[in-house]
$ cat target-v4.tsv   # TSV, C-alpha atoms
chain	number	residue	atom	x	y	z
A	706	MET	CA	40.78	25.39	-223.84
A	707	THR	CA	42.98	22.62	-225.21
A	708	ARG	CA	41.59	20.60	-228.10
A	709	GLN	CA	41.60	16.87	-227.40
A	710	VAL	CA	43.37	14.95	-230.15
A	711	PRO	CA	42.69	11.21	-230.35
A	712	ASN	CA	45.58	8.96	-229.46
A	713	SER	CA	47.25	8.14	-232.78
A	714	GLN	CA	47.90	4.60	-231.55
A	715	LEU	CA	44.14	4.05	-231.71
A	716	TRP	CA	43.78	5.35	-235.26
A	717	PRO	CA	43.10	2.92	-238.12
A	718	LYS	CA	45.96	2.03	-240.47
A	719	TRP	CA	44.68	4.22	-243.31
A	720	ALA	CA	44.80	7.31	-241.07
A	721	THR	CA	48.58	7.03	-240.64
A	722	GLU	CA	49.71	5.40	-243.88
A	723	PRO	CA	52.93	6.87	-245.30
A	724	VAL	CA	53.12	9.37	-248.15
A	725	VAL	CA	54.04	7.45	-251.29
A	726	ILE	CA	54.21	9.02	-254.75
A	727	VAL	CA	53.65	6.63	-257.66
A	728	ASP	CA	53.93	6.94	-261.43
A	729	PRO	CA	50.87	8.32	-263.22
A	730	ASP	CA	48.13	5.75	-263.81
A	731	PRO	CA	45.96	6.18	-266.93
A	732	SER	CA	43.06	4.52	-265.07
A	733	TRP	CA	42.70	7.40	-262.58
A	734	PRO	CA	40.25	9.47	-264.67
A	735	GLU	CA	37.96	6.47	-265.15
A	736	LYS	CA	38.06	5.70	-261.42
A	737	ALA	CA	37.07	9.31	-260.79
A	738	ARG	CA	34.13	9.02	-263.19
A	739	GLN	CA	32.93	5.87	-261.44
A	740	LEU	CA	33.08	7.61	-258.08
A	741	GLN	CA	31.22	10.62	-259.47
A	742	THR	CA	28.41	8.33	-260.59
A	743	GLU	CA	28.20	6.68	-257.17
A	744	LEU	CA	28.20	10.01	-255.35
A	745	SER	CA	25.56	11.54	-257.59
A	746	ALA	CA	23.24	8.71	-256.60
A	747	VAL	CA	23.30	9.86	-252.95
A	748	GLY	CA	22.78	13.54	-253.68
A	749	VAL	CA	26.33	14.87	-254.13
A	750	HIS	CA	26.43	17.40	-256.96
A	751	ASN	CA	28.83	19.59	-258.98
A	752	ILE	CA	31.64	17.09	-258.54
A	753	GLN	CA	35.07	17.85	-259.99
A	754	HIS	CA	38.11	15.58	-260.19
A	755	VAL	CA	41.03	17.64	-258.83
A	756	GLY	CA	44.47	17.07	-257.37
A	757	SER	CA	47.41	15.37	-259.03
A	758	THR	CA	45.50	12.31	-260.23
A	759	ALA	CA	43.44	14.67	-262.42
A	760	VAL	CA	46.55	15.87	-264.29
A	761	PRO	CA	47.72	13.55	-267.11
A	762	GLY	CA	51.33	12.46	-266.68
A	763	LEU	CA	51.76	13.76	-263.13
A	764	PRO	CA	53.10	11.41	-260.41
A	765	ALA	CA	50.81	11.35	-257.39
A	766	LYS	CA	49.62	9.58	-254.29
A	767	PRO	CA	47.20	6.95	-255.68
A	768	ILE	CA	44.21	8.71	-254.16
A	769	ILE	CA	41.40	10.28	-256.20
A	770	ASP	CA	40.52	13.76	-254.96
A	771	LEU	CA	37.03	15.06	-255.65
A	772	VAL	CA	35.49	18.40	-254.72
A	773	ALA	CA	31.74	18.87	-254.63
A	774	GLU	CA	29.18	21.41	-253.47
A	775	VAL	CA	26.56	21.11	-250.75
A	776	PRO	CA	24.08	23.88	-249.98
A	777	SER	CA	24.85	23.74	-246.25
A	778	PHE	CA	26.92	21.84	-243.71
A	779	ASP	CA	23.77	21.27	-241.67
A	780	ASN	CA	22.05	17.89	-241.96
A	781	LEU	CA	24.96	16.25	-243.79
A	782	GLU	CA	23.87	12.92	-242.34
A	783	THR	CA	21.64	12.35	-245.37
A	784	ILE	CA	24.82	12.18	-247.45
A	785	VAL	CA	27.24	10.75	-244.90
A	786	GLU	CA	25.15	7.77	-243.79
A	787	PRO	CA	24.74	6.10	-247.22
A	788	LEU	CA	28.40	6.77	-247.98
A	789	ARG	CA	29.46	5.03	-244.77
A	790	ARG	CA	27.88	1.88	-246.18
A	791	GLN	CA	30.18	2.26	-249.21
A	792	ASP	CA	33.38	2.41	-247.12
A	793	TRP	CA	33.55	6.20	-246.85
A	794	HIS	CA	34.76	7.53	-243.49
A	795	TYR	CA	33.66	10.95	-242.25
A	796	VAL	CA	36.39	13.08	-240.65
A	797	PRO	CA	34.93	15.35	-237.93
A	798	PRO	CA	35.59	19.08	-238.53
A	799	GLY	CA	37.47	19.39	-235.23
A	800	LEU	CA	39.95	16.78	-236.36
A	801	ASP	CA	40.17	18.00	-239.96
A	802	GLN	CA	40.75	21.62	-238.82
A	803	ARG	CA	39.60	23.07	-242.16
A	804	PRO	CA	36.31	24.81	-241.48
A	805	PHE	CA	35.72	25.60	-245.16
A	806	ARG	CA	35.04	21.93	-245.98
A	807	ARG	CA	33.74	18.60	-244.75
A	808	LEU	CA	35.95	15.62	-245.57
A	809	LEU	CA	35.14	12.00	-246.33
A	810	ILE	CA	37.77	9.37	-247.09
A	811	LYS	CA	37.08	6.18	-249.03
A	812	VAL	CA	39.04	3.18	-247.74
A	813	GLU	CA	39.72	-0.20	-249.32
A	814	ASN	CA	41.98	-2.82	-247.73
A	815	ASP	CA	43.13	-0.36	-245.06
A	816	LYS	CA	44.28	2.16	-247.70
A	817	ARG	CA	42.86	5.48	-248.80
A	818	THR	CA	41.58	5.38	-252.36
A	819	ALA	CA	39.64	8.65	-252.54
A	820	HIS	CA	38.99	11.93	-250.76
A	821	LEU	CA	35.71	13.79	-251.05
A	822	HIS	CA	35.88	17.49	-250.16
A	823	LEU	CA	32.40	18.92	-249.60
A	824	MET	CA	32.33	22.70	-249.87
A	825	LEU	CA	29.72	25.44	-249.91
A	826	PRO	CA	28.64	27.11	-253.17
A	827	GLY	CA	31.05	29.85	-254.23
A	828	SER	CA	33.84	28.50	-252.01
A	829	LYS	CA	37.12	30.19	-252.94
A	830	GLN	CA	38.99	27.05	-251.87
A	831	ARG	CA	36.98	24.96	-254.34
A	832	LYS	CA	37.73	27.45	-257.11
A	833	ALA	CA	41.42	27.36	-256.19
A	834	GLU	CA	41.55	23.55	-256.38
A	835	ILE	CA	40.04	23.60	-259.86
A	836	ARG	CA	42.20	26.49	-261.03
A	837	PHE	CA	45.43	24.86	-259.85
A	838	ARG	CA	44.51	21.62	-261.61
A	839	ASP	CA	43.92	23.55	-264.84
A	840	LEU	CA	47.23	25.41	-264.52
A	841	LEU	CA	49.13	22.14	-264.17
A	842	ILE	CA	47.44	20.81	-267.30
A	843	GLN	CA	48.12	24.00	-269.26
A	844	GLN	CA	51.72	24.62	-268.18
A	845	PRO	CA	54.17	21.72	-268.70
A	846	GLN	CA	56.99	23.45	-266.81
A	847	LEU	CA	54.78	24.14	-263.79
A	848	LYS	CA	53.74	20.48	-263.81
A	849	ALA	CA	57.38	19.36	-263.93
A	850	GLN	CA	58.32	21.69	-261.07
A	851	TYR	CA	55.39	20.44	-258.99
A	852	ALA	CA	56.26	16.81	-259.69
A	853	ALA	CA	59.83	17.37	-258.50
A	854	LEU	CA	58.62	19.15	-255.38
A	855	LYS	CA	56.18	16.36	-254.52
A	856	GLN	CA	58.88	13.71	-254.83
A	857	GLN	CA	61.19	15.75	-252.61
A	858	LEU	CA	58.54	16.37	-249.96
A	859	ALA	CA	57.39	12.76	-249.97
A	860	VAL	CA	60.90	11.76	-248.90
A	861	ALA	CA	61.14	14.53	-246.29
A	862	HIS	CA	57.67	13.90	-244.81
A	863	THR	CA	57.03	10.23	-245.53
A	864	ASN	CA	55.31	9.63	-242.19
A	865	HIS	CA	53.64	13.01	-241.76
A	866	ARG	CA	50.86	13.61	-244.27
A	867	GLU	CA	49.90	16.95	-242.77
A	868	ALA	CA	53.45	18.30	-243.03
A	869	TYR	CA	53.64	17.06	-246.63
A	870	THR	CA	50.43	18.89	-247.53
A	871	ASN	CA	51.42	22.11	-245.74
A	872	ALA	CA	54.85	22.16	-247.39
A	873	LYS	CA	53.23	22.36	-250.83
A	874	SER	CA	51.14	25.40	-249.93
A	875	SER	CA	53.59	28.16	-250.86
A	876	PHE	CA	54.19	26.63	-254.30
A	877	ILE	CA	50.45	26.34	-254.97
A	878	ASN	CA	49.67	29.83	-253.66
A	879	ASN	CA	52.44	31.36	-255.75
A	880	ALA	CA	51.25	29.56	-258.90
A	881	LEU	CA	47.70	30.79	-258.33
A	882	ALA	CA	48.88	34.34	-257.62
A	883	MET	CA	50.95	34.49	-260.81
A	884	ALA	CA	48.08	33.01	-262.82
A	885	GLY	CA	45.93	35.99	-261.90
A	886	LYS	CA	48.42	38.39	-263.47
A	887	PRO	CA	48.82	39.35	-267.12
A	888	ARG	CA	50.76	36.70	-269.03
A	889	ILE	CA	53.42	37.40	-271.62
A	890	ILE	CA	55.50	34.76	-273.34
A	891	PHE	CA	59.25	35.40	-273.21
A	892	ALA	CA	60.64	33.97	-276.46
A	893	THR	CA	63.68	32.24	-275.02
A	894	ASN	CA	64.87	28.86	-273.82
A	895	ASN	CA	67.49	30.47	-271.56
A	896	GLU	CA	66.23	30.05	-268.00
A	897	HIS	CA	68.91	32.44	-266.70
A	898	LYS	CA	67.40	35.21	-268.83
A	899	VAL	CA	63.88	34.34	-267.67
A	900	LYS	CA	64.96	34.57	-264.04
A	901	GLU	CA	66.77	37.85	-264.63
A	902	ILE	CA	63.86	39.46	-266.50
A	903	GLN	CA	61.29	38.24	-263.95
A	904	SER	CA	63.47	39.70	-261.20
A	905	ALA	CA	63.68	42.99	-263.07
A	906	ILE	CA	59.94	43.15	-263.78
A	907	GLY	CA	58.84	41.90	-260.37
A	908	ASP	CA	55.52	40.19	-259.71
A	909	LYS	CA	53.30	42.53	-261.72
A	910	ILE	CA	53.40	40.35	-264.82
A	911	ASN	CA	53.67	36.59	-265.25
A	912	ILE	CA	56.66	35.89	-267.49
A	913	VAL	CA	56.23	32.54	-269.25
A	914	SER	CA	59.20	30.91	-270.95
A	915	LEU	CA	58.87	28.94	-274.19
A	916	LYS	CA	59.19	25.71	-272.23
A	917	ALA	CA	56.50	26.75	-269.76
A	918	ALA	CA	54.26	27.68	-272.68
A	919	GLY	CA	54.76	24.20	-274.16
A	920	ILE	CA	56.75	25.50	-277.15
A	921	ASP	CA	59.76	23.40	-278.13
A	922	ILE	CA	61.54	25.20	-280.95
A	923	ASP	CA	64.94	26.79	-281.46
A	924	ILE	CA	64.44	30.18	-283.09
A	925	PRO	CA	67.10	31.15	-285.65
A	926	GLU	CA	69.07	34.37	-285.23
A	927	PRO	CA	70.21	34.98	-288.82
A	928	HIS	CA	70.51	38.77	-288.83
A	929	GLU	CA	73.49	41.08	-288.47
A	930	THR	CA	71.93	43.41	-285.90
A	931	ILE	CA	70.68	42.83	-282.37
A	932	GLU	CA	67.43	44.65	-283.21
A	933	ALA	CA	66.65	42.38	-286.16
A	934	ASN	CA	67.32	39.20	-284.21
A	935	ALA	CA	65.08	40.36	-281.35
A	936	THR	CA	62.30	41.08	-283.85
A	937	GLU	CA	62.80	37.68	-285.52
A	938	LYS	CA	62.25	35.86	-282.24
A	939	SER	CA	59.20	37.81	-281.08
A	940	THR	CA	57.41	37.67	-284.44
A	941	THR	CA	58.07	33.93	-284.78
A	942	ILE	CA	56.40	33.15	-281.45
A	943	HIS	CA	53.60	35.67	-282.00
A	944	LYS	CA	52.69	34.02	-285.32
A	945	LEU	CA	52.72	30.63	-283.61
A	946	THR	CA	50.63	31.57	-280.55
A	947	ASN	CA	48.83	34.83	-281.41
A	948	GLU	CA	49.64	35.89	-277.83
A	949	ASN	CA	51.44	38.93	-276.48
A	950	VAL	CA	55.14	38.08	-276.56
A	951	PHE	CA	58.52	39.65	-276.10
A	952	SER	CA	62.06	38.63	-276.89
A	953	GLU	CA	65.44	40.08	-276.16
A	954	ASP	CA	68.77	39.95	-277.88
A	955	THR	CA	71.93	41.00	-276.13
A	956	GLY	CA	75.49	41.54	-277.25
A	957	ILE	CA	78.69	42.68	-275.66
A	958	GLU	CA	80.63	45.22	-277.74
A	959	VAL	CA	84.36	45.64	-277.06
A	960	ALA	CA	85.74	48.88	-278.52
A	961	ALA	CA	89.35	47.79	-279.14
A	962	ILE	CA	88.30	44.80	-281.27
A	963	GLY	CA	85.91	46.69	-283.51
A	964	GLY	CA	82.79	46.20	-281.44
A	965	GLU	CA	83.06	42.41	-281.42
A	966	PRO	CA	81.50	40.05	-280.50
A	967	GLY	CA	78.30	42.17	-280.84
A	968	VAL	CA	75.48	40.31	-282.54
A	969	HIS	CA	77.62	37.14	-282.55
A	970	SER	CA	78.13	37.14	-278.77
A	971	ALA	CA	76.36	33.83	-278.07
A	972	TYR	CA	78.49	31.78	-280.49
A	973	TYR	CA	81.62	33.94	-280.76
A	974	ALA	CA	83.93	30.97	-280.21
A	975	GLY	CA	81.79	28.40	-282.04
A	976	GLU	CA	78.31	26.94	-282.46
A	977	GLU	CA	78.51	25.13	-279.12
A	978	ARG	CA	77.93	28.52	-277.44
A	979	SER	CA	80.45	27.90	-274.64
A	980	ALA	CA	80.61	30.88	-272.29
A	981	GLU	CA	84.08	29.85	-271.13
A	982	LYS	CA	85.41	29.70	-274.69
A	983	ASN	CA	83.68	32.96	-275.65
A	984	ASN	CA	85.32	34.73	-272.72
A	985	ALA	CA	88.69	33.24	-273.55
A	986	LYS	CA	88.44	34.44	-277.16
A	987	VAL	CA	87.67	38.03	-276.09
A	988	LEU	CA	90.62	38.01	-273.66
A	989	GLN	CA	92.94	36.49	-276.27
A	990	LYS	CA	91.96	39.12	-278.88
A	991	LEU	CA	92.42	41.97	-276.42
A	992	GLY	CA	95.72	40.67	-275.10
A	993	ASP	CA	97.36	43.34	-272.93
A	994	ASN	CA	95.71	46.21	-274.79
A	995	PRO	CA	95.11	48.95	-272.18
A	996	ASP	CA	91.90	50.02	-273.92
A	997	ARG	CA	89.42	47.70	-272.18
A	998	LYS	CA	86.26	49.74	-272.82
A	999	ALA	CA	83.15	47.64	-273.50
A	1000	ARG	CA	79.41	47.79	-273.22
A	1001	PHE	CA	76.52	45.39	-272.95
A	1002	ARG	CA	73.54	46.26	-275.13
A	1003	THR	CA	70.08	44.68	-274.88
A	1004	ILE	CA	67.14	45.17	-277.22
A	1005	ILE	CA	63.70	43.96	-276.16
A	1006	SER	CA	61.13	43.45	-278.89
A	1007	LEU	CA	57.58	43.40	-277.53
A	1008	ILE	CA	54.61	42.49	-279.68
A	1009	TRP	CA	51.60	43.85	-277.82
A	1010	ASN	CA	48.14	43.65	-279.37
A	1011	GLY	CA	49.75	42.96	-282.72
A	1012	ARG	CA	52.18	45.92	-282.75
A	1013	GLU	CA	55.94	45.83	-282.13
A	1014	HIS	CA	57.66	48.09	-279.58
A	1015	LEU	CA	61.45	48.20	-279.06
A	1016	PHE	CA	63.25	49.00	-275.79
A	1017	GLU	CA	67.02	49.42	-275.40
A	1018	GLY	CA	69.27	49.02	-272.37
A	1019	VAL	CA	73.00	49.82	-272.35
A	1020	THR	CA	75.59	49.25	-269.61
A	1021	GLU	CA	79.02	50.80	-270.08
A	1022	GLY	CA	82.08	49.24	-268.46
A	1023	HIS	CA	85.37	47.50	-269.13
A	1024	ILE	CA	86.86	44.04	-269.65
A	1025	LEU	CA	89.07	42.46	-266.97
A	1026	MET	CA	92.44	40.84	-267.66
A	1027	ALA	CA	91.04	37.49	-266.43
A	1028	PRO	CA	87.63	36.09	-265.41
A	1029	ALA	CA	86.44	36.76	-261.87
A	1030	GLY	CA	83.42	35.26	-260.13
A	1031	SER	CA	81.02	32.42	-260.90
A	1032	GLN	CA	77.65	34.17	-260.66
A	1033	GLY	CA	75.52	35.09	-263.65
A	1034	PHE	CA	76.21	33.67	-267.10
A	1035	GLY	CA	77.78	34.47	-270.45
A	1036	TYR	CA	80.35	37.25	-270.33
A	1037	ASP	CA	79.52	38.27	-266.76
A	1038	PRO	CA	82.86	37.04	-265.26
A	1039	ILE	CA	84.96	39.35	-267.47
A	1040	PHE	CA	82.79	42.51	-267.49
A	1041	VAL	CA	82.92	45.24	-264.83
A	1042	PRO	CA	80.17	47.89	-265.06
A	1043	LYS	CA	81.11	51.56	-264.80
A	1044	GLY	CA	81.26	52.69	-261.16
A	1045	GLU	CA	82.09	49.21	-259.84
A	1046	THR	CA	85.25	47.26	-259.06
A	1047	ARG	CA	83.62	43.81	-259.26
A	1048	SER	CA	82.57	41.88	-262.33
A	1049	PHE	CA	78.96	40.91	-262.94
A	1050	GLY	CA	80.20	37.39	-262.14
A	1051	GLN	CA	80.98	38.50	-258.59
A	1052	MET	CA	77.55	40.02	-257.94
A	1053	THR	CA	74.27	38.64	-256.78
A	1054	LEU	CA	71.33	39.04	-259.16
A	1055	GLN	CA	70.01	41.90	-257.02
A	1056	GLU	CA	73.38	43.68	-257.17
A	1057	LYS	CA	73.70	43.13	-260.90
A	1058	ASN	CA	70.23	44.62	-261.46
A	1059	ARG	CA	71.55	48.00	-260.25
A	1060	TYR	CA	73.60	48.22	-263.45
A	1061	SER	CA	72.14	45.61	-265.78
A	1062	HIS	CA	71.44	46.44	-269.41
A	1063	ARG	CA	68.70	43.85	-269.29
A	1064	ARG	CA	67.19	45.56	-266.25
A	1065	ILE	CA	67.30	48.96	-267.99
A	1066	ALA	CA	65.47	47.57	-271.03
A	1067	ALA	CA	63.05	45.64	-268.79
A	1068	ASP	CA	62.22	48.81	-266.82
A	1069	LYS	CA	61.28	50.51	-270.08
A	1070	LEU	CA	59.17	47.48	-270.99
A	1071	VAL	CA	57.39	47.59	-267.63
A	1072	ALA	CA	56.79	51.34	-267.87
A	1073	PHE	CA	55.11	50.78	-271.22
A	1074	LEU	CA	53.03	47.85	-269.99
A	1075	GLN	CA	51.84	49.86	-266.99
A	1076	THR	CA	50.25	52.29	-269.44
A	1077	GLN	CA	48.47	49.39	-271.13
A	1078	ILE	CA	47.30	47.27	-268.20
A	1079	ALA	CA	44.67	48.62	-265.85
$ encode --input "target-v4.tsv" --output "structure tokens"
Amino acid sequence: MTRQVPNSQLWPKWATEPVVIVDPDPSWPEKARQLQTELSAVGVHNIQHVGSTAVPGLPAKPIIDLVAEVPSFDNLETIVEPLRRQDWHYVPPGLDQRPFRRLLIKVENDKRTAHLHLMLPGSKQRKAEIRFRDLLIQQPQLKAQYAALKQQLAVAHTNHREAYTNAKSSFINNALAMAGKPRIIFATNNEHKVKEIQSAIGDKINIVSLKAAGIDIDIPEPHETIEANATEKSTTIHKLTNENVFSEDTGIEVAAIGGEPGVHSAYYAGEERSAEKNNAKVLQKLGDNPDRKARFRTIISLIWNGREHLFEGVTEGHILMAPAGSQGFGYDPIFVPKGETRSFGQMTLQEKNRYSHRRIAADKLVAFLQTQIA
């Protein structure tokens, strides 16, 4: 049987208004409180302000989203009828197509100003709405990513609200899925490293960068060994947050130049930390020396329940005569792992992980964590 959909030409203006994202408005929380008071007066209870307007500093459609509980979807007329007199419009379940809720939309001057989502007690969808709101408040990077996505989708689906909403689903579901996993702060501001470690660890653990954790500091690396610098970074963040945290320090060691750059790999050619200049300096020092042996070495320092654990990963290989490839970062374009003919710079992340020093250390980290996490 085909469901009959009303002719959109007969719909009111507010039903087809375009998707427009506006700058955050500090008055949104107060508007939500006013609506909560009005709704409580007609028997709507356990009301929560959710959605983007509930997150300080987040751009949003200027529509207040509220979720509330009702004991049953039967006899809703006792709530719907008084709300109709206050410019709330009830959306029939067949049109809404979300059986887990009943939806009312408040309209002023032919524009939506609020959505009321009525849900049954214990509704997992209600819990998800509240949890996602809290995650956005707690995680600045997640909020920034969501803001960028919303702006992008608002352009792509300006005249299709349903497509706009559906396109956000995978982002929201992924954020909620990761939030249910153990969280460990990765003490770095290098997003390439975060991506590489998360890829190595998989989805068993939620890796949170310093930025995502709301920490804006540059941790010094004053020591002369990779191990000591890794420990410096993890202990600094652990003292600041009292959370489980890990850090990594990596160096490339070239045999023919005395193991340089080693612990100084990041700023080998200067404090600006230019990968291009670092690579050029290694190649210049090696010259045409036929001994091109080198190795990448990673040390991960994990502070777990107040105790430090160290994990090492080493990848043997050699240095090319000239850079090759634009993938990866750092010294990847000039390093070829043993058993390969291509540089790390010519490999995808998945290919690199077959040899990666960081992956080897991360696997040891994961093996340890699996013994600790039920």
$ atom_distance --input "target-v4.tsv" --atom1 "CA of Ile1024 (chain A)" --atom2 "CA of Ile1039 (chain A)"
5.5 Å
$ residues_around --input "target-v4.tsv" --residues "Pro761 (chain A)" --least-positions-apart "2" --cutoff "8 Å" --atoms "only C-alpha atoms" --output "PyMOL selection string"
chain A and resi 729+731+758-759+763+842
$ residues_around --input "target-v4.tsv" --residues "region 792-799 of chain A" --least-positions-apart "4" --cutoff "7 Å" --atoms "all atoms listed in the file" --output "number ranges by chain"
A: 785, 788, 803-804, 807-812
$ closest_residue --input "target-v4.tsv" --among "A:Arg836, A:Lys766, A:His943, A:Lys986" --to "Ala884 (chain A)" --atoms "only C-alpha atoms"
A:Arg836
$ closest_atom_pairs --input "target-v4.tsv" --of "region 721-770 of chain A" --to "region 856-868 of chain A" --cutoff "9 Å" --atoms "all atoms listed in the file" --output "tab-separated table"
residue	atom	partner	partner_atom	distance
A:Thr721	CA	A:Asn864	CA	7.4
A:Glu722	CA	A:Asn864	CA	7.2
A:Pro723	CA	A:Asn864	CA	4.8
A:Val724	CA	A:Thr863	CA	4.8
A:Val725	CA	A:Ala859	CA	6.4
A:Ile726	CA	A:Gln856	CA	6.6
A:Pro764	CA	A:Gln856	CA	8.4
A:Ala765	CA	A:Gln856	CA	8.8
$ write_last_selection --input "target-v4.tsv" --atoms "C-alpha atoms" --output "mmCIF file, in the coordinates of the input"
data_model
loop_
_atom_site.group_PDB
_atom_site.id
_atom_site.type_symbol
_atom_site.label_atom_id
_atom_site.label_comp_id
_atom_site.auth_asym_id
_atom_site.auth_seq_id
_atom_site.Cartn_x
_atom_site.Cartn_y
_atom_site.Cartn_z
ATOM 1 C CA THR A 721 48.580 7.030 -240.640
ATOM 2 C CA GLU A 722 49.710 5.400 -243.880
ATOM 3 C CA PRO A 723 52.930 6.870 -245.300
ATOM 4 C CA VAL A 724 53.120 9.370 -248.150
ATOM 5 C CA VAL A 725 54.040 7.450 -251.290
ATOM 6 C CA ILE A 726 54.210 9.020 -254.750
ATOM 7 C CA PRO A 764 53.100 11.410 -260.410
ATOM 8 C CA ALA A 765 50.810 11.350 -257.390
#
$ atom_distance --input "target-v4.tsv" --atom1 "CA of Phe1016 (chain A)" --atom2 "CA of Arg1063 (chain A)"
9.9 Å
$ residues_around --input "target-v4.tsv" --residues "Asp996 (chain A)" --least-positions-apart "6" --cutoff "10 Å" --atoms "only C-alpha atoms" --output "NGL selection string"
:A and (959-962 or 1023-1024)
$ residues_near_point --input "target-v4.tsv" --point "(35.4, 14.3, -263.2)" --cutoff "6 Å" --atoms "only C-alpha atoms" --output "list of chain:residue names"
A:Ala737, A:Arg738, A:Gln753, A:His754
$ closest_residue --input "target-v4.tsv" --among "A:Gly1044, A:Gly956, A:Gly885, A:Gly907" --to "Glu929 (chain A)" --atoms "all atoms listed in the file"
A:Gly956
$ closest_residue --input "target-v4.tsv" --among "A:Thr783, A:Gln1055, A:Asn871, A:Gln850" --to "Glu901 (chain A)" --atoms "only C-alpha atoms"
A:Gln1055
$ atom_distance --input "target-v4.tsv" --atom1 "CA of Gly1018 (chain A)" --atom2 "CA of Lys916 (chain A)"
25.4 Å
$ residues_around --input "target-v4.tsv" --residues "Thr955 (chain A)" --least-positions-apart "5" --cutoff "7 Å" --atoms "only C-alpha atoms" --output "list of chain:residue names"
A:Ile931, A:Arg1002, A:Thr1003, A:Ile1004
$ residues_around --input "target-v4.tsv" --residues "region 1068-1079 of chain A" --least-positions-apart "3" --cutoff "9 Å" --atoms "all atoms listed in the file" --output "NGL selection string"
:A and (887 or 905-906 or 909-910 or 1005 or 1007 or 1009 or 1014-1018 or 1063-1065)
$ closest_residue --input "target-v4.tsv" --among "A:Arg1047, A:Arg838, A:Arg817, A:Arg806" --to "Trp719 (chain A)" --atoms "all atoms listed in the file"
A:Arg817
$ residues_near_point --input "target-v4.tsv" --point "(32.2, 22.8, -250.7)" --cutoff "6 Å" --atoms "only C-alpha atoms" --output "PyMOL selection string"
chain A and resi 773-775+806+823-825
$ closest_residue --input "target-v4.tsv" --among "A:His822, A:Arg997, A:Lys898, A:Lys886" --to "Ala1067 (chain A)" --atoms "all atoms listed in the file"
A:Lys898
$ closest_residue --input "target-v4.tsv" --among "A:Ser914, A:Gln791, A:Thr930, A:Thr818" --to "Lys900 (chain A)" --atoms "all atoms listed in the file"
A:Ser914
$ decode --input "target-v4.tsv" --residues "region 891-924 of chain A" --atoms "C-alpha atoms" --output "compact mmCIF listing (two decimals), in the first residue's frame"
# COMPACT_ATOMS: atom_id res chain seq x y z
CA PHE A 891 46.89 11.46 23.45
CA ALA A 892 49.34 14.16 24.55
CA THR A 893 49.97 15.71 21.15
CA ASN A 894 48.85 18.57 18.96
CA ASN A 895 49.89 16.70 15.80
CA GLU A 896 46.66 15.61 14.11
CA HIS A 897 48.61 13.37 11.70
CA LYS A 898 49.86 11.35 14.67
CA VAL A 899 46.36 11.17 16.17
CA LYS A 900 44.97 9.82 12.91
CA GLU A 901 47.79 7.31 12.57
CA ILE A 902 47.48 6.04 16.16
CA GLN A 903 43.66 5.84 15.96
CA SER A 904 44.03 3.85 12.74
CA ALA A 905 46.52 1.53 14.42
CA ILE A 906 44.38 1.05 17.54
CA GLY A 907 41.06 0.80 15.71
CA ASP A 908 37.72 1.61 17.29
CA LYS A 909 38.23 -0.18 20.60
CA ILE A 910 39.41 2.96 22.37
CA ASN A 911 38.51 6.61 21.90
CA ILE A 912 41.74 8.54 21.29
CA VAL A 913 41.30 12.19 22.31
CA SER A 914 43.85 14.76 21.20
CA LEU A 915 44.90 17.68 23.39
CA LYS A 916 42.75 20.00 21.29
CA ALA A 917 39.72 17.73 21.58
CA ALA A 918 40.27 17.57 25.34
CA GLY A 919 40.28 21.38 25.48
CA ILE A 920 43.98 21.58 26.41
CA ASP A 921 45.94 24.34 24.68
CA ILE A 922 49.57 23.98 25.71
CA ASP A 923 52.84 23.24 23.96
CA ILE A 924 54.72 20.63 25.97
